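Q: My structure is stored as work.tsv, with TSV, C-alpha atoms and all ligand atoms.
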```tsv
chain	number	residue	atom	x	y	z
A	1	MET	CA	-17.50	-3.00	-8.87
A	2	PRO	CA	-15.45	-1.12	-11.50
A	3	ASP	CA	-14.86	-2.84	-14.87
A	4	THR	CA	-11.13	-2.91	-14.44
A	5	LEU	CA	-9.28	-3.52	-11.23
A	6	PRO	CA	-6.75	-0.92	-10.10
A	7	LEU	CA	-3.26	-0.89	-11.53
A	8	VAL	CA	-0.64	-0.32	-8.86
A	9	ARG	CA	2.78	1.02	-9.77
A	10	PHE	CA	5.65	0.66	-7.33
A	11	PHE	CA	8.60	3.00	-6.99
A	12	ARG	CA	11.73	3.13	-4.88
A	13	GLY	CA	12.23	6.88	-4.64
A	14	GLN	CA	12.21	8.10	-8.26
A	15	LYS	CA	12.82	4.67	-9.77
A	16	THR	CA	9.99	2.48	-11.07
A	17	ILE	CA	10.42	-1.04	-9.75
A	18	GLY	CA	7.30	-2.76	-11.05
A	19	SER	CA	3.56	-2.76	-11.44
A	20	ALA	CA	0.67	-5.17	-11.16
A	21	GLN	CA	-3.07	-5.24	-11.57
A	22	ALA	CA	-4.99	-5.75	-8.33
A	23	LYS	CA	-7.06	-8.86	-7.85
A	24	PRO	CA	-10.45	-8.56	-6.14
A	25	ASP	CA	-9.90	-7.74	-2.45
A	26	SER	CA	-6.13	-8.05	-2.69
A	27	THR	CA	-4.05	-6.04	-0.25
A	28	LEU	CA	-1.17	-3.91	-1.46
A	29	VAL	CA	1.33	-6.45	-0.11
A	30	GLU	CA	-0.30	-9.12	-2.28
A	31	ILE	CA	-0.29	-6.84	-5.32
A	32	ALA	CA	3.40	-6.03	-4.71
A	33	HIS	CA	4.06	-9.76	-4.62
A	34	LEU	CA	2.36	-10.12	-8.03
A	35	ALA	CA	4.77	-7.45	-9.28
A	36	GLY	CA	7.71	-9.45	-7.87
A	37	ILE	CA	8.30	-6.99	-5.06
A	38	THR	CA	8.60	-8.07	-1.46
A	39	ILE	CA	7.38	-5.59	1.13
A	40	PRO	CA	8.48	-6.71	4.61
A	41	THR	CA	5.65	-7.64	6.94
A	42	ASN	CA	5.43	-8.81	10.50
A	43	CYS	CA	2.01	-8.74	12.11
A	44	THR	CA	-0.02	-8.54	8.84
A	45	SER	CA	-2.85	-7.04	10.89
A	46	GLY	CA	-2.13	-3.31	10.93
A	47	ASN	CA	-0.43	-3.20	14.32
A	48	CYS	CA	3.33	-3.07	13.91
A	49	GLY	CA	3.97	-0.62	11.05
A	50	THR	CA	6.57	-2.89	9.40
A	51	CYS	CA	4.75	-2.78	6.05
A	52	LEU	CA	4.52	1.02	5.94
A	53	VAL	CA	5.02	2.63	2.53
A	54	ARG	CA	4.16	6.02	1.03
A	55	LEU	CA	1.18	6.57	-1.23
A	56	ILE	CA	2.30	8.97	-3.97
A	57	ASP	CA	-0.90	9.05	-5.97
A	58	GLY	CA	-4.30	7.35	-6.03
A	59	ASP	CA	-6.87	6.31	-3.45
A	60	VAL	CA	-6.92	3.47	-0.97
A	61	GLU	CA	-9.59	2.04	1.31
A	62	MET	CA	-8.41	3.42	4.63
A	63	PRO	CA	-9.73	1.23	7.45
A	64	ASP	CA	-11.95	2.89	10.01
A	65	PRO	CA	-10.82	3.16	12.74
A	66	ILE	CA	-7.23	3.78	11.64
A	67	PRO	CA	-5.10	0.72	12.43
A	68	PRO	CA	-2.70	1.05	15.41
A	69	GLY	CA	0.33	0.97	13.08
A	70	LEU	CA	-0.69	4.32	11.57
A	71	ASP	CA	-1.40	7.75	12.96
A	72	GLU	CA	-2.69	11.06	11.60
A	73	HIS	CA	0.82	12.41	11.12
A	74	LEU	CA	1.93	9.39	9.06
A	75	ILE	CA	-1.25	9.59	6.98
A	76	GLU	CA	-0.55	13.26	6.25
A	77	GLU	CA	2.85	12.16	4.96
A	78	GLY	CA	1.15	9.61	2.69
A	79	GLY	CA	1.79	6.66	5.00
A	80	ILE	CA	-0.26	3.52	4.37
A	81	LEU	CA	0.01	-0.02	5.71
A	82	THR	CA	0.23	-2.43	2.82
A	83	CYS	CA	-0.73	-5.54	4.81
A	84	CYS	CA	-4.29	-4.42	5.45
A	85	ILE	CA	-5.12	-1.75	2.88
A	86	ASN	CA	-6.60	-2.26	-0.59
A	87	PRO	CA	-6.38	0.18	-3.50
A	88	SER	CA	-9.63	1.79	-4.61
A	89	SER	CA	-8.14	3.41	-7.73
A	90	ASP	CA	-4.93	3.14	-9.73
A	91	CYS	CA	-2.14	3.91	-7.27
A	92	ASP	CA	1.51	4.90	-7.26
A	93	ILE	CA	3.37	3.64	-4.20
A	94	ASP	CA	6.88	4.46	-2.97
A	95	VAL	CA	8.18	1.46	-1.03
A	96	ILE	CA	10.35	3.85	1.01
A	97	PRO	CA	8.17	4.79	4.00
A	98	PRO	CA	7.63	8.40	5.06
A	99	LEU	CA	9.95	9.82	7.78
B	1	LIG	S1	2.77	-5.98	8.86
B	1	LIG	FE1	2.32	-5.08	10.77
B	1	LIG	S2	1.19	-3.31	10.24
B	1	LIG	FE2	1.43	-4.35	8.36
```
Now that the file is in, can you turn its structure into structure tokens?
Ligand code: FES

A:
Amino acid sequence: MPDTLPLVRFFRGQKTIGSAQAKPDSTLVEIAHLAGITIPTNCTSGNCGTCLVRLIDGDVEMPDPIPPGLDEHLIEEGGILTCCINPSSDCDIDVIPPL
């Protein structure tokens, strides 16, 4: 367990829209909520892709196997599902999804 929990910064394109420190085991949707940012969700279980955003920088705990709402192509574009993915380092996230 690292001493400090990851800091997640949120962007909309080039514009910074907020940041928040992760809590233990918090998903990116929950961290966005702490920053006052609402990321739309639907299934909250990695199936629908509604909560897709783009990881600009940092590392996340990618579930294995990859959830149905993601595919290799989206991951190459930085796509991550915020409802079921936790940060494993400080992260920069663009709330505008890839594609
Ligand atoms: S809300 Fe459905 S994949 Fe995240």

Q: At a cut-off of 8 Å and counting all atoms listed in the file, what residues surround ligand LIG 1 (chain B)? Please answer as a ChimeraX atom specification.

A: /A:40-52,67-70,81-84

Q: Could you please give me, as a ChimeraX atom specification, the residues of protein, DNA or RNA lying at most 12 Å from (8.2, 0.8, -13.9) in the coordinate frame of the file, considering only C-alpha atoms?

A: /A:7-20,35-37,92-94

Q: Take the residues from that selection and write them out as a short mmCIF file (atom, residue, chain, number, x, y, z; two decimals), in the frame of the given file, keeping C-alpha atoms.

A:
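result.cif was written with the following content:
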```cif
data_model
loop_
_atom_site.label_atom_id
_atom_site.label_comp_id
_atom_site.auth_asym_id
_atom_site.auth_seq_id
_atom_site.Cartn_x
_atom_site.Cartn_y
_atom_site.Cartn_z
CA LEU A 7 -3.26 -0.89 -11.53
CA VAL A 8 -0.64 -0.32 -8.86
CA ARG A 9 2.78 1.02 -9.77
CA PHE A 10 5.65 0.66 -7.33
CA PHE A 11 8.60 3.00 -6.99
CA ARG A 12 11.73 3.13 -4.88
CA GLY A 13 12.23 6.88 -4.64
CA GLN A 14 12.21 8.10 -8.26
CA LYS A 15 12.82 4.67 -9.77
CA THR A 16 9.99 2.48 -11.07
CA ILE A 17 10.42 -1.04 -9.75
CA GLY A 18 7.30 -2.76 -11.05
CA SER A 19 3.56 -2.76 -11.44
CA ALA A 20 0.67 -5.17 -11.16
CA ALA A 35 4.77 -7.45 -9.28
CA GLY A 36 7.71 -9.45 -7.87
CA ILE A 37 8.30 -6.99 -5.06
CA ASP A 92 1.51 4.90 -7.26
CA ILE A 93 3.37 3.64 -4.20
CA ASP A 94 6.88 4.46 -2.97
#
```

Q: Take every atom of range 61-74 of chain A listed in the file, fit an axis-aligned box around them, add 4 Å per side, and give the centre and edge lengths in Å to one decimal as JSON.

A:
```
{"center_x": -5.0, "center_y": 6.6, "center_z": 8.4, "size_x": 21.9, "size_y": 19.7, "size_z": 22.1}
```

Q: Rounded to one decimal, what separation in Å do you get between CA of Asn86 in chain A and CA of Ile31 in chain A?

A: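 Separation between CA of Asn86 in chain A and CA of Ile31 in chain A: 9.1 Å.
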
Q: Using all atoms listed in the file, which protein or nucleic acid residues come within 10 Å of Ile75 in chain A? Drop anything in the same chain fewer than 2 positions from it, and give the result as a PyMOL selection string.

A: chain A and resi 54-55+62+66+70-73+77-81+98

Q: Distance CA of Lys23 in chain A-CA of Ile96 in chain A, one decimal place?

A: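 That distance, rounded to one decimal, is 23.3 Å.
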
Q: Can you measure CA of Glu61 in chain A to CA of Pro97 in chain A for me? One decimal in Å is fine.

A: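 Pair CA of Glu61 in chain A / CA of Pro97 in chain A returns 18.2 Å.
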
Q: Using all atoms listed in the file, which of A:Gln21, A:Gly58, A:Asp3, A:Thr27 sits nearest Ser89 in chain A?

A: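 Closest residue, counting all atoms listed in the file: A:Gly58.
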
Q: Smallest atom-to-atom distance to Leu5 in chain A: which of A:Ala32, A:Cys91, A:Leu74, A:Leu99, using all atoms listed in the file?

A: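 The closest residue to Leu5 in chain A is A:Cys91.
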
Q: Which is closer to Asp59 in chain A than all the others in A:Glu30, A:Pro6, A:Ile39, A:Ala22, using only C-alpha atoms?

A: A:Pro6

Q: Missing atoms in range 24-38 of chain A: can you complete it with N, CA and C atoms, as a PDB file, in the coordinates of the input?

A:
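Result file rebuild_34.pdb:
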```
ATOM      1  N   PRO A  24      -9.385  -8.973  -7.042  1.00  0.00           N
ATOM      2  CA  PRO A  24     -10.450  -8.560  -6.140  1.00  0.00           C
ATOM      3  C   PRO A  24     -10.029  -8.742  -4.680  1.00  0.00           C
ATOM      4  N   ASP A  25     -10.196  -7.706  -3.881  1.00  0.00           N
ATOM      5  CA  ASP A  25      -9.900  -7.740  -2.450  1.00  0.00           C
ATOM      6  C   ASP A  25      -8.435  -7.981  -2.108  1.00  0.00           C
ATOM      7  N   SER A  26      -7.531  -7.812  -3.056  1.00  0.00           N
ATOM      8  CA  SER A  26      -6.130  -8.050  -2.690  1.00  0.00           C
ATOM      9  C   SER A  26      -5.570  -6.832  -1.968  1.00  0.00           C
ATOM     10  N   THR A  27      -4.734  -7.122  -0.972  1.00  0.00           N
ATOM     11  CA  THR A  27      -4.050  -6.040  -0.250  1.00  0.00           C
ATOM     12  C   THR A  27      -2.866  -5.580  -1.089  1.00  0.00           C
ATOM     13  N   LEU A  28      -2.309  -4.446  -0.702  1.00  0.00           N
ATOM     14  CA  LEU A  28      -1.170  -3.910  -1.460  1.00  0.00           C
ATOM     15  C   LEU A  28       0.044  -4.818  -1.344  1.00  0.00           C
ATOM     16  N   VAL A  29       0.220  -5.495  -0.231  1.00  0.00           N
ATOM     17  CA  VAL A  29       1.330  -6.450  -0.110  1.00  0.00           C
ATOM     18  C   VAL A  29       1.176  -7.566  -1.153  1.00  0.00           C
ATOM     19  N   GLU A  30      -0.057  -8.041  -1.311  1.00  0.00           N
ATOM     20  CA  GLU A  30      -0.300  -9.120  -2.280  1.00  0.00           C
ATOM     21  C   GLU A  30      -0.084  -8.628  -3.710  1.00  0.00           C
ATOM     22  N   ILE A  31      -0.479  -7.394  -3.970  1.00  0.00           N
ATOM     23  CA  ILE A  31      -0.290  -6.840  -5.320  1.00  0.00           C
ATOM     24  C   ILE A  31       1.209  -6.639  -5.587  1.00  0.00           C
ATOM     25  N   ALA A  32       1.943  -6.176  -4.567  1.00  0.00           N
ATOM     26  CA  ALA A  32       3.400  -6.030  -4.710  1.00  0.00           C
ATOM     27  C   ALA A  32       4.014  -7.387  -5.049  1.00  0.00           C
ATOM     28  N   HIS A  33       3.541  -8.415  -4.376  1.00  0.00           N
ATOM     29  CA  HIS A  33       4.060  -9.760  -4.620  1.00  0.00           C
ATOM     30  C   HIS A  33       3.837 -10.162  -6.077  1.00  0.00           C
ATOM     31  N   LEU A  34       2.651  -9.828  -6.616  1.00  0.00           N
ATOM     32  CA  LEU A  34       2.360 -10.120  -8.030  1.00  0.00           C
ATOM     33  C   LEU A  34       3.352  -9.399  -8.945  1.00  0.00           C
ATOM     34  N   ALA A  35       3.813  -8.226  -8.493  1.00  0.00           N
ATOM     35  CA  ALA A  35       4.770  -7.450  -9.280  1.00  0.00           C
ATOM     36  C   ALA A  35       6.205  -7.908  -9.026  1.00  0.00           C
ATOM     37  N   GLY A  36       6.375  -8.938  -8.177  1.00  0.00           N
ATOM     38  CA  GLY A  36       7.710  -9.450  -7.870  1.00  0.00           C
ATOM     39  C   GLY A  36       8.440  -8.631  -6.833  1.00  0.00           C
ATOM     40  N   ILE A  37       7.693  -7.867  -6.066  1.00  0.00           N
ATOM     41  CA  ILE A  37       8.300  -6.990  -5.060  1.00  0.00           C
ATOM     42  C   ILE A  37       7.903  -7.492  -3.674  1.00  0.00           C
ATOM     43  N   THR A  38       8.890  -7.626  -2.812  1.00  0.00           N
ATOM     44  CA  THR A  38       8.600  -8.070  -1.460  1.00  0.00           C
ATOM     45  C   THR A  38       8.600  -6.868  -0.530  1.00  0.00           C
TER      46      THR A  38
END
```
